[in-house]
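As stored in protein10.txt (compact mmCIF, C-alpha atoms):
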# COMPACT_ATOMS: atom_id res chain seq x y z
CA MET A 838 -65.79 153.59 8.71
CA ASN A 839 -63.89 150.31 8.75
CA GLU A 840 -61.20 151.41 6.34
CA LEU A 841 -61.02 154.76 8.07
CA MET A 842 -60.43 152.97 11.35
CA THR A 843 -57.74 150.64 9.99
CA ASP A 844 -55.75 153.55 8.54
CA ALA A 845 -56.16 155.62 11.68
CA ARG A 846 -54.99 152.73 13.86
CA GLU A 847 -51.92 152.14 11.72
CA ARG A 848 -50.90 155.75 12.06
CA LEU A 849 -51.58 155.68 15.78
CA VAL A 850 -49.41 152.60 16.30
CA ALA A 851 -46.60 154.16 14.23
CA ARG A 852 -46.72 157.29 16.41
CA ALA A 853 -46.79 155.23 19.60
CA ARG A 854 -43.77 153.30 18.35
CA ARG A 855 -41.85 156.50 17.56
CA GLU A 856 -42.65 157.86 21.00
CA GLY A 857 -41.43 154.69 22.67
CA LEU A 858 -44.91 153.93 24.02
CA GLU A 859 -44.98 150.55 22.29
CA THR A 860 -42.85 148.05 24.17
CA VAL A 861 -44.08 144.87 22.50
CA GLY A 862 -45.41 144.54 18.94
CA TYR A 863 -47.40 141.50 17.89
CA ALA A 864 -48.95 139.92 14.82
CA VAL A 865 -51.01 136.82 14.10
CA ILE A 866 -49.70 134.61 11.32
CA ASP A 867 -51.08 131.52 9.61
CA SER A 868 -49.15 128.31 9.89
CA PRO A 869 -49.79 124.66 9.04
CA LEU A 870 -50.48 124.23 12.76
CA GLY A 871 -53.11 126.98 12.75
CA PRO A 872 -52.79 130.65 13.69
CA LEU A 873 -49.80 131.72 15.78
CA TRP A 874 -49.69 134.88 17.89
CA ILE A 875 -46.12 136.19 17.89
CA ALA A 876 -44.83 139.02 20.05
CA VAL A 877 -41.54 140.89 19.79
CA GLY A 878 -40.06 143.07 22.52
CA PRO A 879 -37.08 145.42 22.68
CA LYS A 880 -34.56 142.57 22.85
CA GLY A 881 -36.15 139.94 20.66
CA VAL A 882 -39.04 137.52 20.50
CA VAL A 883 -40.90 137.41 23.81
CA GLY A 884 -43.74 135.04 23.01
CA ILE A 885 -45.22 132.64 20.49
CA HIS A 886 -48.68 131.42 21.28
CA TYR A 887 -50.64 128.65 19.57
CA GLY A 888 -53.89 130.34 18.58
CA ALA A 889 -54.95 133.80 17.42
CA GLU A 890 -55.14 135.25 20.91
CA PRO A 891 -52.97 134.74 23.97
CA SER A 892 -54.57 133.75 27.26
CA PRO A 893 -54.99 136.48 29.91
CA GLN A 894 -52.22 134.69 31.87
CA GLU A 895 -49.83 134.84 28.94
CA LEU A 896 -50.65 138.52 28.40
CA GLY A 897 -50.22 139.14 32.12
CA ARG A 898 -46.76 137.61 31.99
CA ILE A 899 -45.80 139.91 29.10
CA VAL A 900 -47.29 143.00 30.79
CA ARG A 901 -45.43 142.27 34.04
CA ALA A 902 -42.15 142.01 32.16
CA TYR A 903 -42.58 144.73 29.51
CA GLY A 904 -45.41 147.01 30.64
CA PRO A 905 -48.81 147.61 29.02
CA GLY A 906 -47.44 148.92 25.70
CA VAL A 907 -48.46 145.83 23.75
CA LEU A 908 -49.74 146.83 20.29
CA PRO A 909 -50.45 145.13 16.96
CA ASP A 910 -47.38 145.82 14.85
CA SER A 911 -46.61 143.57 11.91
CA ARG A 912 -43.48 145.56 11.15
CA ARG A 913 -41.85 144.40 14.36
CA ALA A 914 -43.13 140.87 14.00
CA ASP A 915 -42.05 140.51 10.36
CA PRO A 916 -38.54 139.07 10.87
CA VAL A 917 -39.72 136.19 13.05
CA ALA A 918 -42.83 135.70 10.90
CA ARG A 919 -40.59 135.33 7.86
CA GLU A 920 -38.35 132.79 9.59
CA LEU A 921 -41.36 130.79 10.74
CA ASP A 922 -42.75 130.73 7.18
CA GLN A 923 -39.40 129.50 5.89
CA TYR A 924 -39.22 126.88 8.63
CA PHE A 925 -42.69 125.52 7.84
CA ALA A 926 -41.86 125.53 4.13
CA GLY A 927 -38.84 123.30 4.86
CA LYS A 928 -36.38 126.04 3.93
CA ARG A 929 -34.97 126.83 7.37
CA ARG A 930 -33.47 124.56 10.02
CA ARG A 931 -32.30 127.16 12.51
CA PHE A 932 -33.79 130.41 13.77
CA ASP A 933 -31.61 133.51 13.67
CA VAL A 934 -33.95 136.02 15.35
CA PRO A 935 -32.94 136.84 18.92
CA VAL A 936 -35.19 135.64 21.73
CA ASP A 937 -35.58 137.43 25.04
CA LEU A 938 -35.57 135.03 27.97
CA SER A 939 -34.62 137.70 30.52
CA PRO A 940 -37.94 137.75 32.45
CA LEU A 941 -37.64 134.02 33.21
CA THR A 942 -36.04 132.44 36.24
CA ASP A 943 -32.44 131.44 36.08
CA PHE A 944 -33.40 127.77 36.00
CA GLN A 945 -35.93 128.24 33.16
CA ARG A 946 -33.33 130.16 31.20
CA ARG A 947 -30.75 127.40 31.59
CA VAL A 948 -33.26 124.72 30.56
CA LEU A 949 -34.41 126.71 27.53
CA SER A 950 -30.83 127.52 26.50
CA ALA A 951 -30.00 123.82 26.64
CA THR A 952 -33.13 123.20 24.56
CA ALA A 953 -32.14 125.79 21.98
CA ALA A 954 -28.92 123.86 21.41
CA ILE A 955 -30.77 120.77 20.16
CA GLU A 956 -30.45 120.74 16.39
CA PHE A 957 -33.18 120.37 13.80
CA GLY A 958 -33.88 116.65 13.32
CA ASP A 959 -32.39 115.65 16.70
CA ILE A 960 -34.29 114.75 19.81
CA SER A 961 -33.39 114.71 23.48
CA THR A 962 -35.02 113.79 26.79
CA TYR A 963 -36.20 115.76 29.80
CA ALA A 964 -33.53 114.05 31.90
CA LYS A 965 -30.70 115.00 29.52
CA VAL A 966 -31.87 118.62 29.29
CA ALA A 967 -32.06 118.78 33.09
CA ALA A 968 -28.51 117.45 33.31
CA ARG A 969 -27.26 119.88 30.67
CA ALA A 970 -28.94 122.75 32.53
CA GLY A 971 -26.84 121.70 35.51
CA SER A 972 -29.87 120.89 37.57
CA ALA A 973 -30.15 118.46 40.39
CA LYS A 974 -33.89 118.97 40.23
CA GLY A 975 -34.17 116.37 37.51
CA SER A 976 -36.45 115.76 34.61
CA ARG A 977 -39.70 116.69 36.33
CA ALA A 978 -38.48 120.23 37.00
CA ALA A 979 -37.11 120.47 33.47
CA GLY A 980 -40.49 119.33 32.17
CA GLN A 981 -42.19 122.08 34.10
CA ALA A 982 -39.76 124.70 32.82
CA LEU A 983 -40.37 123.49 29.27
CA GLY A 984 -44.12 123.42 29.81
CA SER A 985 -43.95 127.16 30.41
CA ASN A 986 -41.65 127.80 27.43
CA PRO A 987 -42.99 131.16 26.19
CA ILE A 988 -41.39 130.79 22.76
CA PRO A 989 -42.23 127.34 21.35
CA ILE A 990 -41.01 126.32 17.88
CA VAL A 991 -38.18 128.90 17.93
CA VAL A 992 -37.00 127.44 21.24
CA PRO A 993 -37.61 123.88 20.10
CA CYS A 994 -39.06 122.20 23.17
CA HIS A 995 -40.92 119.85 20.81
CA ARG A 996 -37.58 118.04 20.34
CA ILE A 997 -37.67 116.77 23.92
CA LEU A 998 -39.30 113.45 24.73
CA ALA A 999 -39.75 111.37 27.86
CA SER A 1000 -36.96 108.89 28.62
CA ASP A 1001 -39.19 105.96 27.60
CA GLY A 1002 -39.60 107.52 24.15
CA SER A 1003 -43.18 108.70 24.71
CA LEU A 1004 -44.05 112.21 23.60
CA GLY A 1005 -44.44 113.87 27.01
CA GLY A 1006 -46.40 117.12 26.74
CA TYR A 1007 -46.71 120.12 24.47
CA ALA A 1008 -48.35 123.55 24.69
CA GLY A 1009 -49.61 123.30 21.11
CA GLY A 1010 -51.04 119.82 21.70
CA LEU A 1011 -49.41 116.45 21.10
CA ASP A 1012 -50.56 116.39 17.48
CA ALA A 1013 -48.59 119.57 16.80
CA LYS A 1014 -45.54 118.05 18.50
CA ARG A 1015 -45.88 114.89 16.40
CA ARG A 1016 -46.17 116.88 13.19
CA LEU A 1017 -43.19 119.11 13.96
CA LEU A 1018 -41.05 116.07 14.71
CA SER A 1019 -42.11 114.20 11.58
CA MET A 1020 -41.41 117.28 9.46
CA GLU A 1021 -37.94 117.57 10.99
CA ARG A 1022 -37.29 113.87 10.34
CA GLY A 1023 -37.98 114.63 6.69
CA GLU A 1024 -41.18 112.63 6.63
CA ALA A 1025 -43.14 115.46 5.11
CA PRO A 1026 -41.92 116.86 1.79
CA ALA A 1027 -40.51 120.35 1.99
CA GLY A 1028 -43.43 122.73 1.96
CA GLY A 1029 -45.68 119.70 1.73
CA TRP A 1030 -47.89 120.52 4.66
CA VAL A 1031 -48.73 123.92 3.47
CA ARG A 1032 -49.66 122.73 0.03
CA ARG A 1033 -51.54 119.68 1.22
CA ARG A 1034 -53.57 121.82 3.58
CA GLN A 1035 -54.60 124.19 0.86
CA MET A 1036 -55.95 121.47 -1.42
CA MET B 713 -59.70 143.55 32.88
CA ILE B 714 -57.85 145.55 30.25
CA GLN B 715 -54.13 144.82 30.52
CA THR B 716 -52.65 146.16 27.30
CA PHE B 717 -52.96 149.13 24.95
CA ALA B 718 -54.10 146.70 22.25
CA GLU B 719 -57.05 145.63 24.39
CA LEU B 720 -57.88 149.27 25.10
CA LEU B 721 -57.99 149.93 21.36
CA ASP B 722 -59.98 146.79 20.58
CA ARG B 723 -62.55 147.65 23.17
CA HIS B 724 -62.96 151.39 22.68
CA GLU B 725 -61.34 152.83 19.55
CA ARG B 726 -64.42 152.62 17.33
CA GLU B 727 -66.70 154.44 19.71
CA ILE B 728 -64.10 157.12 20.43
CA PHE B 729 -63.52 157.68 16.72
CA ALA B 730 -67.28 157.85 16.12
CA TYR B 731 -67.66 160.23 19.05
CA ALA B 732 -64.99 162.55 17.65
CA LEU B 733 -66.64 162.43 14.23
CA ARG B 734 -70.00 163.26 15.76
CA LEU B 735 -68.55 166.24 17.59
CA VAL B 736 -66.59 167.74 14.72
CA GLY B 737 -68.21 166.42 11.54
CA ASP B 738 -64.92 166.09 9.70
CA ARG B 739 -62.95 162.89 9.28
CA ASP B 740 -59.46 164.36 9.29
CA GLU B 741 -60.14 166.22 12.48
CA ALA B 742 -61.83 163.20 14.02
CA ASP B 743 -58.73 161.19 13.13
CA ASP B 744 -56.49 163.74 14.86
CA ILE B 745 -58.66 163.67 17.96
CA TYR B 746 -58.68 159.87 18.00
CA GLN B 747 -54.87 159.78 17.71
CA ASP B 748 -54.31 162.46 20.35
CA THR B 749 -56.79 160.79 22.70
CA PHE B 750 -55.16 157.37 22.61
CA LEU B 751 -51.60 158.70 22.70
CA ALA B 752 -52.57 160.69 25.80
CA ALA B 753 -54.16 157.57 27.28
CA PHE B 754 -51.01 155.51 26.59
CA ARG B 755 -48.83 158.20 28.16
CA GLY B 756 -51.12 158.57 31.15
CA TRP B 757 -51.77 154.85 31.68
CA PRO B 758 -53.17 153.50 33.98
CA PRO B 759 -56.52 155.31 34.26
CA PRO B 760 -57.23 156.92 37.65
CA ARG B 761 -59.67 154.13 38.39
CA ARG B 762 -59.34 150.67 36.89
CA GLY B 763 -62.49 149.50 35.18
CA GLN B 764 -63.44 153.06 34.20
CA GLU B 765 -61.36 153.24 31.06
CA ARG B 766 -64.38 154.19 28.97
CA ALA B 767 -65.36 157.37 30.82
CA TRP B 768 -61.67 158.26 31.09
CA LEU B 769 -61.23 158.03 27.30
CA TYR B 770 -64.34 160.12 26.72
CA ARG B 771 -62.98 162.72 29.12
CA ILE B 772 -59.67 162.89 27.26
CA ALA B 773 -61.42 163.02 23.87
CA THR B 774 -63.83 165.75 25.00
CA ASN B 775 -60.93 167.85 26.24
CA LYS B 776 -59.09 167.36 22.95
CA VAL B 777 -62.14 168.59 21.03
CA ILE B 778 -62.47 171.65 23.28
CA ASP B 779 -58.73 172.40 23.05
CA ARG B 780 -58.83 172.25 19.28
CA SER B 781 -61.83 174.46 18.86
CA ARG B 782 -60.30 176.97 21.28
CA ARG B 783 -57.18 177.07 19.13
CA ALA B 784 -58.96 177.34 15.79
CA LYS B 785 -62.21 179.23 15.69
CA ARG B 786 -63.61 178.28 12.35
CA LEU B 787 -66.71 177.31 10.45
CA VAL B 788 -68.05 173.88 11.20
CA ARG B 789 -67.66 171.47 8.29
CA LEU B 790 -70.20 168.69 8.23
CA GLY B 791 -69.00 166.86 5.14
CA ASP B 792 -68.22 163.58 6.87
CA LEU B 793 -71.07 163.46 9.30
CA ARG B 794 -72.86 160.75 7.32
CA LEU B 795 -69.98 158.42 8.25
CA ALA B 796 -70.99 158.82 11.87
CA ALA B 797 -74.56 157.56 11.52
CA PRO B 798 -76.06 157.62 15.00
CA GLU B 799 -76.78 154.22 16.46
CA ARG B 800 -79.43 155.37 18.92
CA ASP B 801 -83.16 155.58 18.45
CA GLY B 802 -84.65 159.03 18.69
CA VAL B 803 -81.63 160.94 17.42
CA SER B 804 -81.51 161.61 13.70
CA MET B 805 -78.65 162.75 11.53
CA ALA B 806 -80.40 166.13 11.34
CA ASP B 807 -80.40 166.35 15.16
CA LEU B 808 -76.70 165.70 15.15
CA ALA B 809 -75.99 168.22 12.42
CA SER B 810 -77.90 170.92 14.23
CA ALA B 811 -76.27 169.98 17.54
CA ILE B 812 -72.90 170.58 15.96
CA LYS B 813 -74.02 173.88 14.47
CA VAL B 814 -75.87 175.44 17.38
CA LEU B 815 -74.32 174.04 20.56
CA PRO B 816 -71.17 175.22 22.31
CA GLU B 817 -68.62 172.40 22.81
CA GLY B 818 -69.57 171.56 26.39
CA GLN B 819 -73.26 171.12 25.64
CA ARG B 820 -72.55 169.44 22.36
CA ALA B 821 -70.38 166.87 24.12
CA ALA B 822 -73.07 166.33 26.77
CA PHE B 823 -75.73 165.84 24.08
CA VAL B 824 -73.68 163.39 22.02
CA LEU B 825 -72.39 161.43 25.03
CA ARG B 826 -75.88 160.86 26.40
CA LYS B 827 -78.11 160.76 23.34
CA VAL B 828 -75.84 159.17 20.77
CA GLN B 829 -73.01 157.34 22.54
CA GLY B 830 -75.46 156.11 25.16
CA LEU B 831 -73.42 156.79 28.29
CA ASP B 832 -75.32 156.91 31.57
CA TYR B 833 -75.33 160.16 33.54
CA ALA B 834 -72.58 159.01 35.90
CA GLU B 835 -70.34 158.36 32.88
CA VAL B 836 -71.32 161.65 31.22
CA ALA B 837 -70.45 163.44 34.47
CA SER B 838 -67.10 161.68 34.65
CA ALA B 839 -66.32 162.46 31.00
CA LEU B 840 -67.22 166.13 31.45
CA GLU B 841 -65.70 166.39 34.94
CA CYS B 842 -68.87 167.75 36.48
CA SER B 843 -71.55 166.50 38.88
CA GLU B 844 -74.32 164.20 37.72
CA ASP B 845 -76.84 167.00 38.28
CA ALA B 846 -74.83 169.35 36.11
CA ALA B 847 -74.57 166.66 33.44
CA ARG B 848 -78.35 166.17 33.47
CA GLN B 849 -78.85 169.89 33.20
CA ARG B 850 -76.44 170.28 30.32
CA VAL B 851 -78.05 167.42 28.40
CA ALA B 852 -81.51 168.89 29.00
CA GLU B 853 -80.48 172.36 27.85
CA ALA B 854 -78.69 170.96 24.82
CA THR B 855 -81.68 168.83 23.84
CA LYS B 856 -83.98 171.84 24.13
CA LYS B 857 -81.72 173.95 21.92
CA VAL B 858 -81.46 171.22 19.31
CA ARG B 859 -85.25 170.85 19.22
CA GLU B 860 -85.66 174.61 18.89
CA ALA B 861 -83.12 174.78 16.09
CA MET B 862 -84.99 172.03 14.25
CA ARG B 863 -88.27 173.92 14.19

Rewrite the structure of this file - the entire thing - as structure tokens.
Amino acid sequence: MNELMTDARERLVARARREGLETVGYAVIDSPLGPLWIAVGPKGVVGIHYGAEPSPQELGRIVRAYGPGVLPDSRRADPVARELDQYFAGKRRRFDVPVDLSPLTDFQRRVLSATAAIEFGDISTYAKVAARAGSAKGSRAAGQALGSNPIPIVVPCHRILASDGSLGGYAGGLDAKRRLLSMERGEAPAGGWVRRRQM
Amino acid sequence: MIQTFAELLDRHEREIFAYALRLVGDRDEADDIYQDTFLAAFRGWPPPRRGQERAWLYRIATNKVIDRSRRAKRLVRLGDLRLAAPERDGVSMADLASAIKVLPEGQRAAFVLRKVQGLDYAEVASALECSEDAARQRVAEATKKVREAMR
């Protein structure tokens, strides 16, 4: 029955995709930081969530923007999954998959675009990102916009610290932020995390 | 509350597939009914009443079974029925096999919904688009026929 069900579901999802009933396809991948739920919409990546399942709020945000057609679809998630694997293996410093920030507010979009411009290995501060986003609202507002970054890692909000050099916050937890930053500083050997974790 | 098609599948696809298998006794046909049911649900989303997705899906699936048997009058194949082992006490595989053989679709659906899938009469009524009294009656008649066929 189980195998029967898996096959049947795969065919169902393929038909739904062909009919345009699937608006967002998702997959769960393993990473050195634990499972990641990744979702891809018609215009690019719409969400990356730390954990195997998004919160009802996160799902609600996606449904409001893209409708209820959210289905498991590794085919659609493959390109970003591949880039994430390469990134965690130390073989990628920049993401090429498109991201879709269109459902966000203008301010969030500007903050996240400024964030996306921070290169691998660099860091910035909430205040600088706020300034670059052309905001008079300052670092607190930028911090809030980054706190609701729907696409962490690919939009590298982990590269932003408080002005006093402290870590600030992070959706995946401060330990995840610390590990991403140390990997990007070259403190972990390429692919080292993955291998070390498996031992 | 169910927000996405994925959640609808996670919550209900197994029982709908099992239901289809119990009504038709053949895995390929059950697969078709499962696919048609969920595609129709995706197209018709949201359900008429939120929170009643389950009865809605059973209604769609029941109609798919009836449509198919109307289109193709044929001998019932029971080859895959063992895959659909009933989960309820008091209904054996033999009951199910004879239900498929002797009952017309409407009564068969009523019998399986109540006795095997374990829906309450309000849900059976909603799935069969009839009153609760009519649902009770159909289940009673179906049960009687199955018992008679078993003798």

Near region 824-829 of chain B, within 10 Å and counting all atoms listed in the file, which residues show up once chain neighbours fewer than 4 positions away are dropped, as a VMD selection string?
chain B and resid 727 to 728 730 to 732 734 to 735 767 770 774 797 to 804 808 811 to 812 819 to 820 833 835 to 837 839 to 840 847 to 848 851 854 to 855

For the residues in that selection, give me C-alpha atoms as a tab-separated table (two decimals), in the coordinates of the input.
chain	number	residue	atom	x	y	z
B	727	GLU	CA	-66.70	154.44	19.71
B	728	ILE	CA	-64.10	157.12	20.43
B	730	ALA	CA	-67.28	157.85	16.12
B	731	TYR	CA	-67.66	160.23	19.05
B	732	ALA	CA	-64.99	162.55	17.65
B	734	ARG	CA	-70.00	163.26	15.76
B	735	LEU	CA	-68.55	166.24	17.59
B	767	ALA	CA	-65.36	157.37	30.82
B	770	TYR	CA	-64.34	160.12	26.72
B	774	THR	CA	-63.83	165.75	25.00
B	797	ALA	CA	-74.56	157.56	11.52
B	798	PRO	CA	-76.06	157.62	15.00
B	799	GLU	CA	-76.78	154.22	16.46
B	800	ARG	CA	-79.43	155.37	18.92
B	801	ASP	CA	-83.16	155.58	18.45
B	802	GLY	CA	-84.65	159.03	18.69
B	803	VAL	CA	-81.63	160.94	17.42
B	804	SER	CA	-81.51	161.61	13.70
B	808	LEU	CA	-76.70	165.70	15.15
B	811	ALA	CA	-76.27	169.98	17.54
B	812	ILE	CA	-72.90	170.58	15.96
B	819	GLN	CA	-73.26	171.12	25.64
B	820	ARG	CA	-72.55	169.44	22.36
B	833	TYR	CA	-75.33	160.16	33.54
B	835	GLU	CA	-70.34	158.36	32.88
B	836	VAL	CA	-71.32	161.65	31.22
B	837	ALA	CA	-70.45	163.44	34.47
B	839	ALA	CA	-66.32	162.46	31.00
B	840	LEU	CA	-67.22	166.13	31.45
B	847	ALA	CA	-74.57	166.66	33.44
B	848	ARG	CA	-78.35	166.17	33.47
B	851	VAL	CA	-78.05	167.42	28.40
B	854	ALA	CA	-78.69	170.96	24.82
B	855	THR	CA	-81.68	168.83	23.84

For Leu815 (chain B), the closest of B:Glu853, B:Asp744, B:Glu844, B:Glu725 counting all atoms listed in the file is B:Glu853

Could you give me, as a Markdown table, every chain A residue with an atom at most 9 Å from chain B, plus its closest atom pair and distance in Å to one decimal, counting all atoms listed in the file, rows ordered by chain then number?
| residue | atom | partner | partner_atom | distance |
| --- | --- | --- | --- | --- |
| A:Met838 | CA | B:Leu795 | CA | 6.4 |
| A:Asn839 | CA | B:Arg726 | CA | 8.9 |
| A:Leu841 | CA | B:Arg739 | CA | 8.4 |
| A:Met842 | CA | B:Arg726 | CA | 7.2 |
| A:Ala845 | CA | B:Asp743 | CA | 6.3 |
| A:Arg846 | CA | B:Gln747 | CA | 8.0 |
| A:Arg848 | CA | B:Gln747 | CA | 8.0 |
| A:Leu849 | CA | B:Gln747 | CA | 5.6 |
| A:Arg852 | CA | B:Leu751 | CA | 8.1 |
| A:Ala853 | CA | B:Leu751 | CA | 6.7 |
| A:Leu858 | CA | B:Phe754 | CA | 6.8 |
| A:Glu859 | CA | B:Phe717 | CA | 8.5 |
| A:Pro893 | CA | B:Gln715 | CA | 8.4 |
| A:Leu896 | CA | B:Gln715 | CA | 7.5 |
| A:Gly897 | CA | B:Gln715 | CA | 7.1 |
| A:Val900 | CA | B:Gln715 | CA | 7.1 |
| A:Gly904 | CA | B:Thr716 | CA | 8.0 |
| A:Pro905 | CA | B:Thr716 | CA | 4.5 |
| A:Gly906 | CA | B:Phe717 | CA | 5.6 |
| A:Val907 | CA | B:Thr716 | CA | 5.5 |
| A:Leu908 | CA | B:Ala718 | CA | 4.8 |
| A:Pro909 | CA | B:Ala718 | CA | 6.6 |

Take CA of Asp738 (chain B) and CA of Glu817 (chain B) and report the distance between them in Å, one decimal.
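Answer for the CA of Asp738 (chain B) to CA of Glu817 (chain B) separation: 15.0 Å.
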
Between CA of Gly881 (chain A) and CA of Asp937 (chain A), measure the distance and give it in Å to one decimal.
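Distance between the two atoms: 5.1 Å.
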
Given 6 Å of margin on each side, can you work out the centre and size in Å (one decimal) of an axis-aligned box holding every listed atom of region 912-920 of chain A, as AutoDock Vina command-line options?
--center_x -40.9 --center_y 139.2 --center_z 11.1 --size_x 17.1 --size_y 24.8 --size_z 18.5

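CA of Ser1000 (chain A) sits 29.3 Å away from CA of Asp933 (chain A).
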
Within 9 Å of Arg977 (chain A), counting only C-alpha atoms, which residues qualify if same-chain residues fewer than 4 places away don't, as a ChimeraX atom specification?
/A:963-964,967,981-982

So that I can see what lies close to Asn775 (chain B), please list as a ChimeraX atom specification the residues with an atom at most 10 Å from it, counting only C-alpha atoms and leaving out residues fewer than 3 positions away in the same chain.
/B:745,749,769-772,778-781,817-818,821,839-840

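Considering all atoms listed in the file, the residue among B:Glu860, B:Arg723, B:Ala753, B:Arg783 positioned nearest to Asp807 (chain B) is B:Glu860.
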
Which neighbours of Arg913 (chain A) fall inside 10 Å, counting only C-alpha atoms, when residues of the same chain fewer than 5 positions from it are skipped, and could you give them as number ranges by chain?
A: 854, 861-864, 875-879, 881-882, 918

Keeping only C-alpha atoms, write those residues as a PDB file, keeping the file's coordinate frame.
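Ended up saving to part-v5.pdb:
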ATOM      1  CA  ARG A 854     -43.770 153.300  18.350  1.00  0.00           C
ATOM      2  CA  VAL A 861     -44.080 144.870  22.500  1.00  0.00           C
ATOM      3  CA  GLY A 862     -45.410 144.540  18.940  1.00  0.00           C
ATOM      4  CA  TYR A 863     -47.400 141.500  17.890  1.00  0.00           C
ATOM      5  CA  ALA A 864     -48.950 139.920  14.820  1.00  0.00           C
ATOM      6  CA  ILE A 875     -46.120 136.190  17.890  1.00  0.00           C
ATOM      7  CA  ALA A 876     -44.830 139.020  20.050  1.00  0.00           C
ATOM      8  CA  VAL A 877     -41.540 140.890  19.790  1.00  0.00           C
ATOM      9  CA  GLY A 878     -40.060 143.070  22.520  1.00  0.00           C
ATOM     10  CA  PRO A 879     -37.080 145.420  22.680  1.00  0.00           C
ATOM     11  CA  GLY A 881     -36.150 139.940  20.660  1.00  0.00           C
ATOM     12  CA  VAL A 882     -39.040 137.520  20.500  1.00  0.00           C
ATOM     13  CA  ALA A 918     -42.830 135.700  10.900  1.00  0.00           C
TER      14      ALA A 918
END

Can you take the partial region 805-817 of chain B, add N, CA and C atoms, and return it as a PDB file, in the coordinates of the input?
ATOM      1  N   MET B 805     -79.824 162.065  12.061  1.00  0.00           N
ATOM      2  CA  MET B 805     -78.650 162.750  11.530  1.00  0.00           C
ATOM      3  C   MET B 805     -78.863 164.267  11.566  1.00  0.00           C
ATOM      4  N   ALA B 806     -80.109 164.686  11.326  1.00  0.00           N
ATOM      5  CA  ALA B 806     -80.400 166.130  11.340  1.00  0.00           C
ATOM      6  C   ALA B 806     -80.201 166.699  12.753  1.00  0.00           C
ATOM      7  N   ASP B 807     -80.623 165.920  13.770  1.00  0.00           N
ATOM      8  CA  ASP B 807     -80.400 166.350  15.160  1.00  0.00           C
ATOM      9  C   ASP B 807     -78.922 166.605  15.393  1.00  0.00           C
ATOM     10  N   LEU B 808     -78.136 165.643  14.912  1.00  0.00           N
ATOM     11  CA  LEU B 808     -76.700 165.700  15.150  1.00  0.00           C
ATOM     12  C   LEU B 808     -76.089 166.897  14.438  1.00  0.00           C
ATOM     13  N   ALA B 809     -76.516 167.095  13.191  1.00  0.00           N
ATOM     14  CA  ALA B 809     -75.990 168.220  12.420  1.00  0.00           C
ATOM     15  C   ALA B 809     -76.324 169.538  13.102  1.00  0.00           C
ATOM     16  N   SER B 810     -77.568 169.638  13.609  1.00  0.00           N
ATOM     17  CA  SER B 810     -77.900 170.920  14.230  1.00  0.00           C
ATOM     18  C   SER B 810     -77.223 171.044  15.592  1.00  0.00           C
ATOM     19  N   ALA B 811     -77.006 169.920  16.266  1.00  0.00           N
ATOM     20  CA  ALA B 811     -76.270 169.980  17.540  1.00  0.00           C
ATOM     21  C   ALA B 811     -74.884 170.550  17.309  1.00  0.00           C
ATOM     22  N   ILE B 812     -74.249 170.097  16.248  1.00  0.00           N
ATOM     23  CA  ILE B 812     -72.900 170.580  15.960  1.00  0.00           C
ATOM     24  C   ILE B 812     -72.919 172.068  15.631  1.00  0.00           C
ATOM     25  N   LYS B 813     -73.976 172.476  14.890  1.00  0.00           N
ATOM     26  CA  LYS B 813     -74.020 173.880  14.470  1.00  0.00           C
ATOM     27  C   LYS B 813     -74.379 174.829  15.613  1.00  0.00           C
ATOM     28  N   VAL B 814     -75.355 174.443  16.429  1.00  0.00           N
ATOM     29  CA  VAL B 814     -75.870 175.440  17.380  1.00  0.00           C
ATOM     30  C   VAL B 814     -75.283 175.337  18.794  1.00  0.00           C
ATOM     31  N   LEU B 815     -74.727 174.189  19.159  1.00  0.00           N
ATOM     32  CA  LEU B 815     -74.320 174.040  20.560  1.00  0.00           C
ATOM     33  C   LEU B 815     -72.867 174.404  20.791  1.00  0.00           C
ATOM     34  N   PRO B 816     -72.571 175.056  21.916  1.00  0.00           N
ATOM     35  CA  PRO B 816     -71.170 175.220  22.310  1.00  0.00           C
ATOM     36  C   PRO B 816     -70.598 173.848  22.686  1.00  0.00           C
ATOM     37  N   GLU B 817     -69.248 173.718  22.666  1.00  0.00           N
ATOM     38  CA  GLU B 817     -68.620 172.400  22.810  1.00  0.00           C
ATOM     39  C   GLU B 817     -69.112 171.606  24.021  1.00  0.00           C
TER      40      GLU B 817
END
